[in-house]
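What follows is a short report on a single structure.
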Amino acid sequence: MNTPSTPLPGGAWALGDLSVSRFGYGAMQLAGPGVMGPPTDRDAALAVLREAVDLGITHIDTAGAYGPRFTNQLIREALHPYPPELHLVTKVGADRDRHGGWPPAREPEDLRRAVHENLDDLGLDVLDLVNLRLGDAQGPQPGSLAAPLATLVELQQQGLIRHLGVSNATAEQVAEARAMAPIVYVQNMYNLAHRQDDELIDELAGQGVAYVPFFPLGGFSPLQSSSLSAVADRLDATPMSVALAWLLQRSPNILLIPGTSSRAHLRENAAGAGLRLSTEDLAELDGIGR
């Protein structure tokens with residue numbers, strides 16, 4: 001049973017033998033424009049990472065494709081040696097091209113290279129959790145994940161990966177992955193307005209598997225809704241804090257990784273972890289994506 005044992009932002013959740021804060025931080029936005037190249041303000045990027053740890057966040061999401069590699073190098077510069085309670089989650093299965101695209105990179109040699117680059121750039125001997133990124137920039141795509149996941153299972157058996165997850169996956173792919181190996185983490189697009197995974201979230205909650213929404217605040221176009229604004233006004237909170245609070249109350253297995261390159265915005269997002277929504281608030285918000 002996953003129950004909070006320490007006062008972490010949003011409470012705690014167990015990823016296998018690792019306990020993480022349900023409110024985490026996504027490091028994608030620390031890279032340069034288009035998630036390419038180094039940050040415009042390196043000192044500000046390092047300060048955001050340190051602020052996250054100061055806020056009690058113990059779950060940071062990253063990927064070698066961010067930059068590529070620059071974001072992982074920033075994490076190492078800002079936080080290494082890492083506090084024992086801090087856990088880094090990364091992704092493999094996609095590369096970057098010179099146009100800023102995200103071409104798939106799921107051949108065995110691609111995955112092995114990506115895992116070793118993550119280890120090197122983060123300064124680790126073993127990665128806490130590695131997600132296999134599936135689909136493409138348009139979203140999840142059908143098809144078997146057996147071959148690429150088998151490569152990650154092999155790397156796990158070699159002691160380079162502690163836990164496995166999947167990202168941008170269909171419900172069928174999640175089921176296939178769970179038949180092959182213990183999967184502790186599913187990361188898909190989900191928020192107040194995009195609720196295609198409602199059934200999957202409830203199923204995973206019953207099985208003790210974390211569900212982690214990417215684009216929890218709507219993606220590159222922030223969530224906009226009169227109902228969201230009305231609830232925020234009643235609570236004297238920002239709409240984004242309310243949207244994050246709704247996710248935390250939607251299901252106990254939901255973990256949040258909102259990203260930002262601003263310390264002030266990070267603190268604003270974290271406020272959502274402590275916001276409690278009433279039954280009436282939840283009912284009004286539920287109507288947005290129905």
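Ligands are numbered from 1 in the order shown, chains are lettered A, B, ... in the order of the structure tokens, and residues start at 1 in each chain.
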
Task: strand (DSSP E) residues, from DSSP on the backbone, in range 46-289 of chain A, as a PyMOL selection string - done: chain A and resi 59-61+87-92+127-133+161-167+183-189+210-214

Open item on the list: Neighbouring residues of Asp121 in chain A were defined as those with any atom within 9 Å, considering only C-alpha atoms; residues of the same chain fewer than 3 positions away were excluded. Please report them as a ChimeraX atom specification.
Closed with: /A:64,69-76,116-118,124

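Counting from CA of Ile57 in chain A, the distance to CA of Gly24 in chain A is 5.5 Å.
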
- [ ] Skip Asn188 in chain A itself and residues of its chain fewer than 6 positions away, then list as a ChimeraX atom specification all residues within 8 Å of it, counting only C-alpha atoms.
- [x] /A:167-169,211-214

- [ ] Enumerate as a VMD selection string all residues of range 68-109 of chain A assigned to helix (DSSP H, G or I) by DSSP on the backbone, naming them with the chain letters and numbers the document uses.
- [x] chain A and resid 70 to 79 108 to 109

Could you save the residues just selected, with all heavy atoms, as a CSV table (one decimal), in the first residue's frame?
```
chain,number,residue,atom,x,y,z
A,70,PHE,N,21.9,18.5,-22.6
A,70,PHE,CA,22.2,19.7,-21.7
A,70,PHE,C,21.4,19.6,-20.4
A,70,PHE,O,21.9,20.0,-19.4
A,70,PHE,CB,21.8,21.0,-22.5
A,70,PHE,CG,22.9,21.4,-23.5
A,70,PHE,CD1,22.7,21.2,-24.8
A,70,PHE,CD2,24.1,21.9,-23.1
A,70,PHE,CE1,23.6,21.6,-25.8
A,70,PHE,CE2,25.1,22.3,-24.0
A,70,PHE,CZ,24.8,22.1,-25.4
A,71,THR,N,20.1,19.2,-20.4
A,71,THR,CA,19.3,19.2,-19.2
A,71,THR,C,19.9,18.3,-18.2
A,71,THR,O,20.0,18.6,-17.0
A,71,THR,CB,17.9,18.9,-19.5
A,71,THR,OG1,17.3,19.9,-20.3
A,71,THR,CG2,17.1,18.8,-18.2
A,72,ASN,N,20.3,17.1,-18.6
A,72,ASN,CA,20.9,16.1,-17.6
A,72,ASN,C,22.2,16.7,-17.1
A,72,ASN,O,22.5,16.5,-15.9
A,72,ASN,CB,21.2,14.8,-18.3
A,72,ASN,CG,19.9,13.9,-18.4
A,72,ASN,OD1,18.9,14.3,-17.9
A,72,ASN,ND2,20.0,12.9,-19.1
A,73,GLN,N,23.0,17.4,-17.9
A,73,GLN,CA,24.2,18.0,-17.4
A,73,GLN,C,24.0,19.1,-16.4
A,73,GLN,O,24.7,19.3,-15.4
A,73,GLN,CB,25.1,18.5,-18.6
A,73,GLN,CG,25.6,17.3,-19.5
A,73,GLN,CD,26.1,17.7,-20.8
A,73,GLN,OE1,26.1,18.9,-21.1
A,73,GLN,NE2,26.4,16.8,-21.7
A,74,LEU,N,22.9,19.9,-16.6
A,74,LEU,CA,22.5,20.9,-15.7
A,74,LEU,C,22.1,20.3,-14.3
A,74,LEU,O,22.5,20.8,-13.3
A,74,LEU,CB,21.3,21.7,-16.2
A,74,LEU,CG,21.6,22.7,-17.3
A,74,LEU,CD1,20.3,23.2,-17.9
A,74,LEU,CD2,22.4,23.9,-16.8
A,75,ILE,N,21.4,19.2,-14.4
A,75,ILE,CA,20.9,18.5,-13.1
A,75,ILE,C,22.1,18.1,-12.3
A,75,ILE,O,22.2,18.3,-11.1
A,75,ILE,CB,20.0,17.3,-13.5
A,75,ILE,CG1,18.7,17.8,-14.0
A,75,ILE,CG2,19.8,16.4,-12.2
A,75,ILE,CD1,17.8,16.7,-14.6
A,76,ARG,N,23.1,17.5,-13.0
A,76,ARG,CA,24.3,17.0,-12.3
A,76,ARG,C,25.1,18.2,-11.7
A,76,ARG,O,25.5,18.2,-10.6
A,76,ARG,CB,25.2,16.3,-13.3
A,76,ARG,CG,26.5,15.8,-12.6
A,76,ARG,CD,27.3,15.0,-13.6
A,76,ARG,NE,28.5,14.4,-12.9
A,76,ARG,CZ,29.3,13.5,-13.5
A,76,ARG,NH1,29.1,13.1,-14.7
A,76,ARG,NH2,30.4,13.1,-12.8
A,77,GLU,N,25.2,19.3,-12.5
A,77,GLU,CA,25.9,20.5,-12.0
A,77,GLU,C,25.2,21.1,-10.8
A,77,GLU,O,25.9,21.5,-9.8
A,77,GLU,CB,26.1,21.5,-13.1
A,77,GLU,CG,26.8,22.8,-12.7
A,77,GLU,CD,27.0,23.8,-13.8
A,77,GLU,OE1,26.8,23.4,-15.0
A,77,GLU,OE2,27.4,24.9,-13.5
A,78,ALA,N,23.9,21.1,-10.8
A,78,ALA,CA,23.1,21.8,-9.7
A,78,ALA,C,23.1,20.9,-8.5
A,78,ALA,O,23.1,21.5,-7.4
A,78,ALA,CB,21.7,22.1,-10.2
A,79,LEU,N,22.9,19.6,-8.6
A,79,LEU,CA,22.5,18.8,-7.5
A,79,LEU,C,23.4,17.7,-7.1
A,79,LEU,O,23.2,17.1,-6.0
A,79,LEU,CB,21.1,18.2,-7.8
A,79,LEU,CG,20.0,19.2,-8.1
A,79,LEU,CD1,18.7,18.5,-8.5
A,79,LEU,CD2,19.8,20.2,-6.9
A,108,PRO,N,18.0,-1.7,-30.4
A,108,PRO,CA,18.8,-2.1,-29.2
A,108,PRO,C,20.1,-1.1,-29.0
A,108,PRO,O,20.3,-0.7,-27.9
A,108,PRO,CB,19.2,-3.5,-29.5
A,108,PRO,CG,18.1,-4.0,-30.3
A,108,PRO,CD,17.7,-2.9,-31.2
A,109,GLU,N,20.8,-0.8,-30.1
A,109,GLU,CA,22.0,0.0,-29.9
A,109,GLU,C,21.6,1.4,-29.5
A,109,GLU,O,22.3,2.1,-28.8
A,109,GLU,CB,22.8,0.0,-31.2
A,109,GLU,CG,22.1,0.5,-32.4
A,109,GLU,CD,21.4,-0.6,-33.2
A,109,GLU,OE1,21.0,-1.6,-32.6
A,109,GLU,OE2,21.1,-0.4,-34.4
```

Task: Distance criterion (only C-alpha atoms): nearest to Ala232 in chain A out of A:Ala205, A:Leu285, A:Leu129, A:Ala270 - done: A:Leu285

TODO: Fewer than 3 positions away in the same chain doesn't count, so skip those; otherwise give me all residues within 8 Å of range 138-146 of chain A, counting only C-alpha atoms, as a list of chain:residue names.
DONE: A:Leu134, A:Gly135, A:Leu149, A:Ala150, A:Asn168, A:Ala169, A:Thr170, A:Gln173, A:Glu176, A:Ala177, A:Met180

Could I get the residues of range 210-286 of chain A with an atom no further than 12 Å from an atom of range 38-51 of chain A, each paired with its nearest atom pair and that distance in Å to one decimal, using only C-alpha atoms, sorted by chain and residue number, as a Markdown table?
```
| residue | atom | partner | partner_atom | distance |
| --- | --- | --- | --- | --- |
| A:Gly259 | CA | A:Val48 | CA | 10.1 |
| A:Thr260 | CA | A:Val48 | CA | 8.1 |
| A:Ser261 | CA | A:Ala45 | CA | 6.1 |
| A:Ser262 | CA | A:Val48 | CA | 6.3 |
| A:Arg263 | CA | A:Val48 | CA | 5.1 |
| A:Ala264 | CA | A:Val48 | CA | 8.9 |
| A:His265 | CA | A:Val48 | CA | 9.5 |
| A:Leu266 | CA | A:Val48 | CA | 7.6 |
| A:Arg267 | CA | A:Glu51 | CA | 8.5 |
| A:Ala270 | CA | A:Glu51 | CA | 10.9 |
```

Since we have the selection now, will you write its residues out, keeping all heavy atoms, as an mmCIF file, in the first residue's frame?
```cif
data_model
loop_
_atom_site.group_PDB
_atom_site.id
_atom_site.type_symbol
_atom_site.label_atom_id
_atom_site.label_comp_id
_atom_site.auth_asym_id
_atom_site.auth_seq_id
_atom_site.Cartn_x
_atom_site.Cartn_y
_atom_site.Cartn_z
ATOM 1 N N GLY A 259 6.594 21.475 -15.473
ATOM 2 C CA GLY A 259 7.902 22.059 -15.746
ATOM 3 C C GLY A 259 7.851 23.573 -15.798
ATOM 4 O O GLY A 259 6.809 24.170 -16.100
ATOM 5 N N THR A 260 8.969 24.186 -15.513
ATOM 6 C CA THR A 260 9.106 25.634 -15.610
ATOM 7 C C THR A 260 10.581 25.978 -15.553
ATOM 8 O O THR A 260 11.385 25.201 -15.033
ATOM 9 C CB THR A 260 8.360 26.347 -14.463
ATOM 10 O OG1 THR A 260 8.553 27.764 -14.585
ATOM 11 C CG2 THR A 260 8.877 25.898 -13.099
ATOM 12 N N SER A 261 10.929 27.130 -16.102
ATOM 13 C CA SER A 261 12.299 27.629 -15.982
ATOM 14 C C SER A 261 12.367 28.813 -15.031
ATOM 15 O O SER A 261 13.368 29.514 -14.973
ATOM 16 C CB SER A 261 12.829 28.032 -17.366
ATOM 17 O OG SER A 261 11.987 29.019 -17.953
ATOM 18 N N SER A 262 11.285 29.033 -14.259
ATOM 19 C CA SER A 262 11.182 30.168 -13.341
ATOM 20 C C SER A 262 10.998 29.688 -11.909
ATOM 21 O O SER A 262 10.118 28.870 -11.632
ATOM 22 C CB SER A 262 9.998 31.055 -13.750
ATOM 23 O OG SER A 262 9.553 31.852 -12.681
ATOM 24 N N ARG A 263 11.803 30.202 -10.992
ATOM 25 C CA ARG A 263 11.642 29.836 -9.576
ATOM 26 C C ARG A 263 10.285 30.289 -9.051
ATOM 27 O O ARG A 263 9.629 29.564 -8.295
ATOM 28 C CB ARG A 263 12.762 30.473 -8.745
ATOM 29 C CG ARG A 263 14.146 29.898 -9.034
ATOM 30 C CD ARG A 263 15.223 30.710 -8.341
ATOM 31 N NE ARG A 263 15.120 30.609 -6.887
ATOM 32 C CZ ARG A 263 15.739 31.432 -6.039
ATOM 33 N NH1 ARG A 263 16.484 32.426 -6.503
ATOM 34 N NH2 ARG A 263 15.619 31.255 -4.746
ATOM 35 N N ALA A 264 9.842 31.480 -9.448
ATOM 36 C CA ALA A 264 8.548 31.983 -8.974
ATOM 37 C C ALA A 264 7.415 31.098 -9.478
ATOM 38 O O ALA A 264 6.484 30.774 -8.731
ATOM 39 C CB ALA A 264 8.350 33.425 -9.431
ATOM 40 N N HIS A 265 7.494 30.676 -10.734
ATOM 41 C CA HIS A 265 6.465 29.814 -11.291
ATOM 42 C C HIS A 265 6.495 28.442 -10.628
ATOM 43 O O HIS A 265 5.449 27.830 -10.385
ATOM 44 C CB HIS A 265 6.670 29.683 -12.796
ATOM 45 C CG HIS A 265 5.547 29.011 -13.519
ATOM 46 N ND1 HIS A 265 5.715 28.391 -14.736
ATOM 47 C CD2 HIS A 265 4.248 28.832 -13.179
ATOM 48 C CE1 HIS A 265 4.560 27.865 -15.118
ATOM 49 N NE2 HIS A 265 3.656 28.115 -14.201
ATOM 50 N N LEU A 266 7.684 27.969 -10.303
ATOM 51 C CA LEU A 266 7.798 26.691 -9.595
ATOM 52 C C LEU A 266 7.092 26.766 -8.248
ATOM 53 O O LEU A 266 6.330 25.857 -7.880
ATOM 54 C CB LEU A 266 9.272 26.329 -9.403
ATOM 55 C CG LEU A 266 9.569 25.083 -8.566
ATOM 56 C CD1 LEU A 266 8.985 23.832 -9.205
ATOM 57 C CD2 LEU A 266 11.076 24.928 -8.378
ATOM 58 N N ARG A 267 7.321 27.840 -7.514
ATOM 59 C CA ARG A 267 6.657 27.988 -6.204
ATOM 60 C C ARG A 267 5.140 28.097 -6.371
ATOM 61 O O ARG A 267 4.378 27.556 -5.563
ATOM 62 C CB ARG A 267 7.215 29.211 -5.476
ATOM 63 C CG ARG A 267 8.657 29.035 -4.988
ATOM 64 C CD ARG A 267 9.074 30.160 -4.052
ATOM 65 N NE ARG A 267 9.169 31.439 -4.739
ATOM 66 C CZ ARG A 267 10.269 31.916 -5.309
ATOM 67 N NH1 ARG A 267 11.390 31.204 -5.274
ATOM 68 N NH2 ARG A 267 10.273 33.100 -5.905
ATOM 69 N N ALA A 270 3.850 24.673 -6.991
ATOM 70 C CA ALA A 270 3.899 23.882 -5.764
ATOM 71 C C ALA A 270 2.743 24.206 -4.836
ATOM 72 O O ALA A 270 2.307 23.347 -4.050
ATOM 73 C CB ALA A 270 5.227 24.098 -5.051
#
```

- [ ] Go through A:Pro104, A:Ile161, A:Ala243, A:Val53 one by one, measure the shortest atom-to-atom distance of each to Glu284 in chain A using only C-alpha atoms, and give the residue with the smallest value.
- [x] A:Ala243
